[in-house]
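Below is start-v8.tsv, holding TSV, C-alpha atoms.
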chain	number	residue	atom	x	y	z
E	1	MET	CA	70.16	66.57	49.17
E	2	ALA	CA	73.19	64.34	49.40
E	3	SER	CA	71.45	62.39	52.13
E	4	THR	CA	68.70	61.04	49.89
E	5	GLN	CA	69.41	59.15	46.71
E	6	VAL	CA	68.51	60.91	43.46
E	7	ASN	CA	68.88	59.35	40.07
E	8	PRO	CA	70.94	61.73	37.97
E	9	THR	CA	68.82	61.37	34.86
E	10	ARG	CA	67.14	63.90	32.63
E	11	MET	CA	63.75	62.46	33.46
E	12	GLU	CA	64.34	62.95	37.16
E	13	LEU	CA	65.54	66.49	36.47
E	14	THR	CA	62.34	67.35	34.62
E	15	ARG	CA	60.31	65.82	37.43
E	16	LEU	CA	62.14	67.82	40.08
E	17	LYS	CA	61.79	71.03	38.12
E	18	LYS	CA	58.05	70.48	37.88
E	19	LYS	CA	57.92	69.73	41.58
E	20	LEU	CA	59.79	72.93	42.37
E	21	ALA	CA	57.43	75.01	40.26
E	22	THR	CA	54.42	73.49	42.04
E	23	ALA	CA	56.01	73.95	45.45
E	24	VAL	CA	56.80	77.61	44.79
E	25	LYS	CA	53.30	78.26	43.53
E	26	GLY	CA	51.78	76.42	46.48
E	27	HIS	CA	53.98	78.29	48.88
E	28	ARG	CA	52.88	81.62	47.51
E	29	LEU	CA	49.21	80.67	47.66
E	30	LEU	CA	49.44	79.30	51.19
E	31	LYS	CA	51.29	82.37	52.33
E	32	ASP	CA	48.51	84.56	50.95
E	33	LYS	CA	45.95	82.36	52.66
E	34	ARG	CA	47.79	82.62	55.95
E	35	ASP	CA	48.02	86.40	55.74
E	36	GLU	CA	44.36	86.80	54.91
E	37	LEU	CA	43.28	84.39	57.65
E	38	MET	CA	45.45	86.22	60.11
E	39	ARG	CA	43.90	89.55	59.19
E	40	GLU	CA	40.38	88.20	59.66
E	41	PHE	CA	41.39	86.40	62.82
E	42	LEU	CA	42.85	89.48	64.49
E	43	ASP	CA	39.67	91.46	63.86
E	44	LEU	CA	37.54	88.61	65.14
E	45	VAL	CA	39.61	87.90	68.21
E	46	ARG	CA	39.51	91.54	69.29
E	47	GLU	CA	35.73	91.41	69.04
E	48	ASN	CA	35.77	88.12	70.90
E	49	MET	CA	37.72	89.60	73.77
E	50	ALA	CA	35.46	92.64	74.02
E	51	LEU	CA	32.34	90.47	73.97
E	52	ARG	CA	33.76	88.11	76.55
E	53	ARG	CA	34.51	90.92	78.96
E	54	LYS	CA	31.04	92.32	78.43
E	55	VAL	CA	29.33	88.95	78.89
E	56	GLU	CA	31.35	88.02	81.95
E	57	GLU	CA	30.55	91.34	83.52
E	58	GLY	CA	26.87	90.95	82.64
E	59	ILE	CA	26.67	87.44	84.04
E	60	ARG	CA	28.46	88.54	87.18
E	61	ARG	CA	25.90	91.26	87.69
E	62	ALA	CA	23.03	88.88	86.96
E	63	ASN	CA	24.42	86.36	89.41
E	64	THR	CA	24.58	88.99	92.12
E	65	ASN	CA	20.95	89.80	91.40
E	66	PHE	CA	20.03	86.15	91.61
E	67	VAL	CA	21.74	85.82	94.96
E	68	VAL	CA	19.74	88.78	96.23
E	69	ALA	CA	16.53	87.29	94.81
E	70	ARG	CA	17.29	84.00	96.43
E	71	ALA	CA	17.81	85.64	99.79
E	72	GLY	CA	14.30	87.02	99.68
E	73	MET	CA	12.51	83.81	98.74
E	74	SER	CA	12.31	80.25	99.91
E	75	GLU	CA	14.29	77.66	98.01
E	76	GLU	CA	11.15	75.75	96.93
E	77	MET	CA	9.46	78.90	95.74
E	78	LEU	CA	12.42	79.79	93.58
E	79	ARG	CA	12.75	76.35	92.09
E	80	THR	CA	9.07	76.29	91.23
E	81	ALA	CA	9.28	79.75	89.71
E	82	VAL	CA	11.95	78.78	87.20
E	83	MET	CA	10.74	75.23	86.64
E	84	ALA	CA	8.44	75.73	83.67
E	85	PRO	CA	9.84	78.30	81.27
E	86	ARG	CA	7.49	79.90	78.79
E	87	GLN	CA	10.13	81.17	76.42
E	88	GLU	CA	12.29	78.96	74.27
E	89	VAL	CA	15.31	79.87	72.20
E	90	LEU	CA	15.83	78.03	68.96
E	91	LEU	CA	19.02	78.29	67.06
E	92	GLU	CA	19.47	78.34	63.35
E	93	GLN	CA	22.96	77.53	62.30
E	94	GLY	CA	24.46	78.74	59.06
E	95	VAL	CA	27.99	78.40	57.78
E	96	ARG	CA	30.26	81.14	56.53
E	97	ASN	CA	33.37	80.25	54.63
E	98	VAL	CA	36.45	82.33	55.32
E	99	MET	CA	39.43	81.21	53.26
E	100	SER	CA	38.30	77.58	53.29
E	101	VAL	CA	37.53	77.61	57.01
E	102	ASP	CA	33.91	76.94	57.82
E	103	ILE	CA	32.79	79.13	60.67
E	104	PRO	CA	29.33	79.03	62.21
E	105	VAL	CA	26.73	81.77	62.02
E	106	PHE	CA	24.07	81.49	64.68
E	107	THR	CA	20.69	83.08	64.38
E	108	ALA	CA	18.52	82.78	67.43
E	109	LYS	CA	14.76	82.60	67.26
E	110	MET	CA	12.48	83.06	70.21
E	111	ARG	CA	9.47	80.80	70.32
E	112	THR	CA	7.23	83.68	71.34
E	113	PRO	CA	7.88	87.28	70.35
E	114	ASP	CA	6.62	88.68	73.65
E	115	PRO	CA	9.60	89.97	75.67
E	116	SER	CA	7.75	89.49	78.95
E	117	ASP	CA	7.60	85.76	78.39
E	118	ILE	CA	10.88	85.40	80.21
E	119	TYR	CA	8.98	85.74	83.46
E	120	SER	CA	7.74	82.21	83.77
E	121	TYR	CA	6.07	82.69	87.11
E	122	GLY	CA	3.27	84.55	88.78
E	123	PHE	CA	4.29	87.81	90.37
E	124	ALA	CA	2.26	87.26	93.52
E	125	PHE	CA	4.58	84.95	95.38
E	126	THR	CA	7.97	85.90	94.05
E	127	SER	CA	10.17	88.79	95.06
E	128	GLY	CA	10.72	91.72	92.75
E	129	ASP	CA	14.42	91.03	92.88
E	130	LEU	CA	13.88	87.90	90.85
E	131	ASP	CA	12.34	89.97	88.06
E	132	ASP	CA	15.40	92.20	88.06
E	133	ALA	CA	17.68	89.20	88.01
E	134	VAL	CA	15.90	87.55	85.11
E	135	LYS	CA	15.82	90.84	83.22
E	136	SER	CA	19.53	91.40	83.71
E	137	LEU	CA	20.30	87.91	82.47
E	138	SER	CA	18.03	88.34	79.49
E	139	ASP	CA	19.91	91.52	78.57
E	140	VAL	CA	23.12	89.53	78.32
E	141	LEU	CA	21.67	86.82	76.09
E	142	PRO	CA	22.18	88.51	72.67
E	143	ASP	CA	25.81	89.15	73.56
E	144	MET	CA	26.17	85.58	74.75
E	145	LEU	CA	24.97	84.26	71.40
E	146	ARG	CA	27.32	86.57	69.56
E	147	LEU	CA	30.12	85.45	71.87
E	148	ALA	CA	29.46	81.81	71.08
E	149	GLU	CA	29.69	82.56	67.39
E	150	THR	CA	32.89	84.59	67.53
E	151	GLU	CA	34.63	82.39	70.05
E	152	LYS	CA	33.95	79.22	68.10
E	153	SER	CA	35.07	80.97	64.90
E	154	CYS	CA	38.26	82.13	66.59
E	155	GLN	CA	39.05	78.62	67.75
E	156	LEU	CA	38.47	77.11	64.33
E	157	MET	CA	40.46	79.83	62.60
E	158	ALA	CA	43.33	79.57	65.06
E	159	ALA	CA	43.58	75.86	64.32
E	160	GLU	CA	43.54	76.49	60.58
E	161	ILE	CA	46.14	79.26	60.81
E	162	GLU	CA	48.42	76.99	62.78
E	163	LYS	CA	48.06	74.27	60.16
E	164	THR	CA	48.65	76.68	57.29
E	165	ARG	CA	51.67	78.17	59.00
E	166	ARG	CA	53.21	74.73	59.38
E	167	ARG	CA	52.62	74.00	55.72
E	168	VAL	CA	54.14	77.31	54.64
E	169	ASN	CA	57.19	76.68	56.81
E	170	ALA	CA	57.58	73.11	55.60
E	171	LEU	CA	57.49	74.25	51.99
E	172	GLU	CA	59.77	77.21	52.56
E	173	HIS	CA	62.40	75.54	54.70
E	174	VAL	CA	62.31	71.88	53.66
E	175	ILE	CA	60.64	71.02	50.37
E	176	ILE	CA	61.85	73.96	48.26
E	177	PRO	CA	65.53	73.88	49.38
E	178	GLU	CA	65.62	70.09	49.05
E	179	THR	CA	64.24	70.18	45.54
E	180	LYS	CA	66.60	72.99	44.57
E	181	SER	CA	69.64	71.11	45.79
E	182	GLY	CA	68.38	67.97	44.03
E	183	ILE	CA	68.18	69.91	40.78
E	184	ARG	CA	71.67	71.30	41.30
E	185	TYR	CA	73.03	67.85	42.03
E	186	ILE	CA	71.53	66.37	38.86
E	187	THR	CA	72.67	69.26	36.67
E	188	MET	CA	76.19	68.96	37.97
E	189	LYS	CA	76.20	65.20	37.60
E	190	LEU	CA	74.92	65.47	34.03
E	191	ASP	CA	77.53	68.12	33.19
E	192	GLU	CA	80.19	65.92	34.70
E	193	ASN	CA	79.03	62.94	32.64
E	194	GLU	CA	79.06	65.05	29.53
E	195	ARG	CA	82.60	66.23	30.17
E	196	SER	CA	83.79	62.73	30.83
E	197	THR	CA	82.20	61.52	27.58
E	198	GLN	CA	83.88	64.37	25.74
E	199	ILE	CA	87.27	63.47	27.17
E	200	ARG	CA	86.75	59.82	26.41
E	201	LEU	CA	85.91	60.64	22.80
E	202	MET	CA	88.99	62.83	22.45
E	203	LYS	CA	91.10	60.09	23.91
E	204	VAL	CA	89.61	57.48	21.56
E	205	LYS	CA	90.17	59.81	18.62
E	206	ASP	CA	93.81	60.20	19.59
E	207	MET	CA	94.22	56.45	19.82
E	208	MET	CA	92.57	55.87	16.45
E	209	LEU	CA	94.73	58.50	14.77
E	210	GLU	CA	97.78	56.98	16.35
E	211	GLU	CA	96.83	53.59	14.98
E	212	ALA	CA	96.12	54.92	11.48
E	213	HIS	CA	99.11	57.14	10.98
E	214	GLY	CA	101.60	56.00	13.61
E	215	TYR	CA	102.85	59.53	14.50
E	216	LYS	CA	104.98	58.26	17.37
E	217	LYS	CA	106.89	55.78	15.23
E	218	LYS	CA	107.53	58.45	12.61
E	219	GLN	CA	108.89	60.74	15.28
E	220	GLU	CA	111.22	58.05	16.58
E	221	ALA	CA	112.47	57.24	13.15
Y	1	MET	CA	17.05	73.57	64.31
Y	2	TYR	CA	19.44	73.54	67.22
Y	3	LYS	CA	18.88	74.26	70.86
Y	4	ILE	CA	21.07	75.85	73.50
Y	5	ALA	CA	22.19	74.08	76.64
Y	6	VAL	CA	23.69	75.38	79.85
Y	7	MET	CA	25.71	73.07	82.09
Y	8	GLY	CA	27.04	73.65	85.56
Y	9	GLU	CA	26.08	73.50	89.20
Y	10	TYR	CA	22.44	74.34	89.83
Y	11	ASP	CA	23.05	77.66	91.58
Y	12	SER	CA	24.99	79.07	88.67
Y	13	ILE	CA	22.62	78.19	85.91
Y	14	TYR	CA	19.01	78.03	87.04
Y	15	GLY	CA	18.36	81.58	85.88
Y	16	PHE	CA	18.99	80.65	82.27
Y	17	ALA	CA	15.96	78.38	82.29
Y	18	THR	CA	13.67	81.39	82.35
Y	19	LEU	CA	15.21	82.69	79.12
Y	20	GLY	CA	14.34	79.48	77.34
Y	21	LEU	CA	17.72	77.78	77.41
Y	22	ASP	CA	17.85	74.16	78.51
Y	23	THR	CA	19.66	73.83	81.80
Y	24	PHE	CA	21.45	70.69	82.86
Y	25	PRO	CA	22.61	70.88	86.44
Y	26	VAL	CA	25.39	68.36	86.97
Y	27	SER	CA	27.61	67.49	89.85
Y	28	GLY	CA	30.66	65.33	89.56
Y	29	ARG	CA	32.99	64.65	86.70
Y	30	GLU	CA	31.46	61.45	85.38
Y	31	GLU	CA	27.95	62.81	85.29
Y	32	ALA	CA	29.18	65.95	83.55
Y	33	ARG	CA	31.02	63.86	81.03
Y	34	SER	CA	28.10	61.67	80.06
Y	35	THR	CA	25.75	64.66	79.95
Y	36	LEU	CA	28.16	66.55	77.72
Y	37	ARG	CA	28.41	63.60	75.37
Y	38	ARG	CA	24.64	63.25	75.23
Y	39	LEU	CA	24.21	66.96	74.48
Y	40	ALA	CA	26.97	67.11	71.91
Y	41	GLU	CA	25.53	64.20	70.00
Y	42	GLY	CA	22.04	65.55	70.45
Y	43	ASN	CA	20.57	68.64	69.00
Y	44	TYR	CA	22.55	71.33	70.78
Y	45	GLY	CA	24.40	74.01	68.83
Y	46	ILE	CA	25.78	75.95	71.77
Y	47	ILE	CA	26.66	74.54	75.17
Y	48	TYR	CA	27.44	77.12	77.82
Y	49	MET	CA	29.46	75.64	80.62
Y	50	THR	CA	30.62	77.13	83.87
Y	51	GLU	CA	34.35	77.68	84.07
Y	52	ALA	CA	34.60	75.47	87.14
Y	53	LEU	CA	33.04	72.54	85.30
Y	54	ALA	CA	35.01	73.16	82.11
Y	55	ALA	CA	38.23	72.98	84.11
Y	56	GLU	CA	37.36	69.39	85.02
Y	57	LEU	CA	36.80	68.24	81.44
Y	58	PRO	CA	39.73	69.53	79.40
Y	59	GLU	CA	40.02	66.46	77.13
Y	60	ASP	CA	36.34	66.44	76.34
Y	61	LEU	CA	36.40	70.13	75.39
Y	62	GLU	CA	39.38	69.52	73.17
Y	63	ARG	CA	37.58	66.71	71.39
Y	64	TYR	CA	34.72	68.99	70.37
Y	65	GLY	CA	37.06	71.93	69.72
Y	66	GLY	CA	37.66	70.99	66.09
Y	67	GLN	CA	34.01	70.51	65.19
Y	68	LEU	CA	31.68	73.14	63.85
Y	69	VAL	CA	28.99	72.23	66.39
Y	70	PRO	CA	28.63	72.25	69.30
Y	71	ALA	CA	30.31	75.46	70.36
Y	72	ILE	CA	31.26	74.98	73.99
Y	73	ILE	CA	31.55	78.36	75.66
Y	74	ARG	CA	32.82	78.97	79.17
Y	75	ILE	CA	30.84	81.32	81.38
Y	76	PRO	CA	31.60	82.42	84.91
Y	77	GLY	CA	29.65	80.68	87.65
Y	78	VAL	CA	28.05	82.11	90.75
Y	79	HIS	CA	31.25	81.60	92.71
Y	80	GLY	CA	33.13	84.14	90.67
Y	81	ASN	CA	35.25	84.45	87.61
Y	82	THR	CA	38.30	82.21	87.37
Y	83	GLY	CA	39.66	83.93	84.28
Y	84	ALA	CA	39.56	80.70	82.31
Y	85	GLY	CA	37.36	82.21	79.61
Y	86	ILE	CA	39.73	85.12	78.98
Y	87	GLN	CA	42.60	82.68	79.06
Y	88	GLY	CA	40.86	80.62	76.36
Y	89	VAL	CA	40.79	83.63	74.03
Y	90	LYS	CA	44.46	84.31	74.73
Y	91	ASP	CA	45.24	80.68	74.01
Y	92	SER	CA	43.70	80.87	70.57
Y	93	VAL	CA	45.73	84.01	69.81
Y	94	GLU	CA	48.82	82.18	70.94
Y	95	LYS	CA	47.96	79.21	68.79
Y	96	ALA	CA	47.43	81.34	65.70
Y	97	VAL	CA	50.18	83.91	66.03
Y	98	GLY	CA	52.75	82.00	68.04
Y	99	SER	CA	52.72	84.35	70.97
Y	100	ASP	CA	50.11	86.52	72.60
Y	101	ILE	CA	50.74	89.85	70.92
Y	102	LEU	CA	47.31	91.35	71.53
Y	103	PHE	CA	46.39	90.86	75.15
Y	104	GLY	CA	49.76	89.91	76.59
Y	105	GLY	CA	50.09	92.97	78.75
Y	106	GLU	CA	46.56	92.85	80.09
Y	107	ALA	CA	45.64	90.99	83.21

Is it possible to express this structure as structure tokens?
Amino acid sequence: MASTQVNPTRMELTRLKKKLATAVKGHRLLKDKRDELMREFLDLVRENMALRRKVEEGIRRANTNFVVARAGMSEEMLRTAVMAPRQEVLLEQGVRNVMSVDIPVFTAKMRTPDPSDIYSYGFAFTSGDLDDAVKSLSDVLPDMLRLAETEKSCQLMAAEIEKTRRRVNALEHVIIPETKSGIRYITMKLDENERSTQIRLMKVKDMMLEEAHGYKKKQEA
Amino acid sequence: MYKIAVMGEYDSIYGFATLGLDTFPVSGREEARSTLRRLAEGNYGIIYMTEALAAELPEDLERYGGQLVPAIIRIPGVHGNTGAGIQGVKDSVEKAVGSDILFGGEA
């Protein structure tokens, strides 16, 4: 604390003591927040990884199916087939609060409840492989939505954990030690002042007694 | 009510149109950028983007990373999986924990 200037006064001491109490309380709270966030995050990120592997595998399979479908149809035919979709996915977005982090909750709604509405084309002029491809992609969709939710949540929580960790560290390693050494400095300075006042008083008393009674002269005589 | 968008090269994404997602085939960085901005400011809650395209727009993804919506999610394209999506999950673990303690050993 020697680097920064502190006024060695009682008022400053009281202020620093209050600051220390707040910092310690804040540190404890933030640490709890960090631990809880971390716990939630680890669960979520494991789920995220599992979903991602599943979705990537599903999309890979669907893509293979689409390549096969494409091989059996003309380019124009395919483009026309997928041009006017009958199904539409609408997304309702809610917010869940985990330890002051807002994370999204997505609920998907299909415009029509009929599961066969994903086939937006007539079956007469398209290959059966296209049906398989569309079906395989449609099977992945629920996982994809869930993936979007968890992955976004993980990103937001990771950012918040990083921020909280920095705060905890700053409090633990900078603010609290600095305040403590400031308090020590002031206490010592005040004690020192008190001692020096004491000595001064004793000295003055000696001088006054000397003047009143003149011990030294009596001794010499 | 939000909608869902899919961005990438046409071959990778046309299938999603049948499911009722809005597909936006883009080619080239600038076009992708302006489309992404339009979608993000528009009514899209989730934007799925092929890994190849996402690799070209790292700053833009970072800009939307801190916001609640849109969630920009990388998906593998028709040309195969680059591993960028998995890497993204590992990155967030690394950001939160300090090092990748969960999936470090896995490929």

Residue hits in chain E, query chain Y, radius 6 Å, only C-alpha atoms, as a CSV table (one decimal) with C-alpha atoms, keeping the file's coordinate frame:
chain,number,residue,atom,x,y,z
E,63,ASN,CA,24.4,86.4,89.4
E,82,VAL,CA,12.0,78.8,87.2
E,85,PRO,CA,9.8,78.3,81.3
E,87,GLN,CA,10.1,81.2,76.4
E,88,GLU,CA,12.3,79.0,74.3
E,89,VAL,CA,15.3,79.9,72.2
E,90,LEU,CA,15.8,78.0,69.0
E,91,LEU,CA,19.0,78.3,67.1
E,92,GLU,CA,19.5,78.3,63.4
E,118,ILE,CA,10.9,85.4,80.2
E,152,LYS,CA,34.0,79.2,68.1
E,155,GLN,CA,39.0,78.6,67.8
E,158,ALA,CA,43.3,79.6,65.1
E,161,ILE,CA,46.1,79.3,60.8
E,162,GLU,CA,48.4,77.0,62.8

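Comparing E:Ile183, E:Ile59, E:Leu147, E:Met73 by their smallest distance to Phe125 of chain E, the closest is E:Met73 (using only C-alpha atoms).
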
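Closest approach to Phe41 of chain E from the set E:Met110, E:Ile176, E:Val101, E:Val140 is made by E:Val101, with distances taken over all atoms listed in the file.
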
Identify, on the basis of all atoms listed in the file, every residue whose closest approach to segment 165-172 of chain E does not exceed 10 Å; exclude the query and any residue fewer than 2 positions from it along the same chain; express the result as a PyMOL selection string.
(chain E and resi 20+23-24+26-35+159-163+174-178) or (chain Y and resi 96-98)

Please produce an output containing C-alpha atoms for each residue in the selection, written as a PDB file, in the coordinates of the input.
ATOM      1  CA  LEU E  20      59.790  72.930  42.370  1.00  0.00           C
ATOM      2  CA  ALA E  23      56.010  73.950  45.450  1.00  0.00           C
ATOM      3  CA  VAL E  24      56.800  77.610  44.790  1.00  0.00           C
ATOM      4  CA  GLY E  26      51.780  76.420  46.480  1.00  0.00           C
ATOM      5  CA  HIS E  27      53.980  78.290  48.880  1.00  0.00           C
ATOM      6  CA  ARG E  28      52.880  81.620  47.510  1.00  0.00           C
ATOM      7  CA  LEU E  29      49.210  80.670  47.660  1.00  0.00           C
ATOM      8  CA  LEU E  30      49.440  79.300  51.190  1.00  0.00           C
ATOM      9  CA  LYS E  31      51.290  82.370  52.330  1.00  0.00           C
ATOM     10  CA  ASP E  32      48.510  84.560  50.950  1.00  0.00           C
ATOM     11  CA  LYS E  33      45.950  82.360  52.660  1.00  0.00           C
ATOM     12  CA  ARG E  34      47.790  82.620  55.950  1.00  0.00           C
ATOM     13  CA  ASP E  35      48.020  86.400  55.740  1.00  0.00           C
ATOM     14  CA  ALA E 159      43.580  75.860  64.320  1.00  0.00           C
ATOM     15  CA  GLU E 160      43.540  76.490  60.580  1.00  0.00           C
ATOM     16  CA  ILE E 161      46.140  79.260  60.810  1.00  0.00           C
ATOM     17  CA  GLU E 162      48.420  76.990  62.780  1.00  0.00           C
ATOM     18  CA  LYS E 163      48.060  74.270  60.160  1.00  0.00           C
ATOM     19  CA  VAL E 174      62.310  71.880  53.660  1.00  0.00           C
ATOM     20  CA  ILE E 175      60.640  71.020  50.370  1.00  0.00           C
ATOM     21  CA  ILE E 176      61.850  73.960  48.260  1.00  0.00           C
ATOM     22  CA  PRO E 177      65.530  73.880  49.380  1.00  0.00           C
ATOM     23  CA  GLU E 178      65.620  70.090  49.050  1.00  0.00           C
TER      24      GLU E 178
ATOM     25  CA  ALA Y  96      47.430  81.340  65.700  1.00  0.00           C
ATOM     26  CA  VAL Y  97      50.180  83.910  66.030  1.00  0.00           C
ATOM     27  CA  GLY Y  98      52.750  82.000  68.040  1.00  0.00           C
TER      28      GLY Y  98
END

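Going from atom CA of Glu59 of chain Y over to atom CA of Glu9 of chain Y, you cover 19.7 Å.
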
So how many Å separate atom CA of Arg111 of chain E and atom CA of Asp143 of chain E, to one decimal?
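Atom CA of Asp143 of chain E lies 18.6 Å from atom CA of Arg111 of chain E.
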
For atom CA of Thr14 of chain E and atom CA of Arg195 of chain E, determine how far apart the two atoms are, in Å to one decimal place.
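Computing it gives 20.8 Å between the two atoms.
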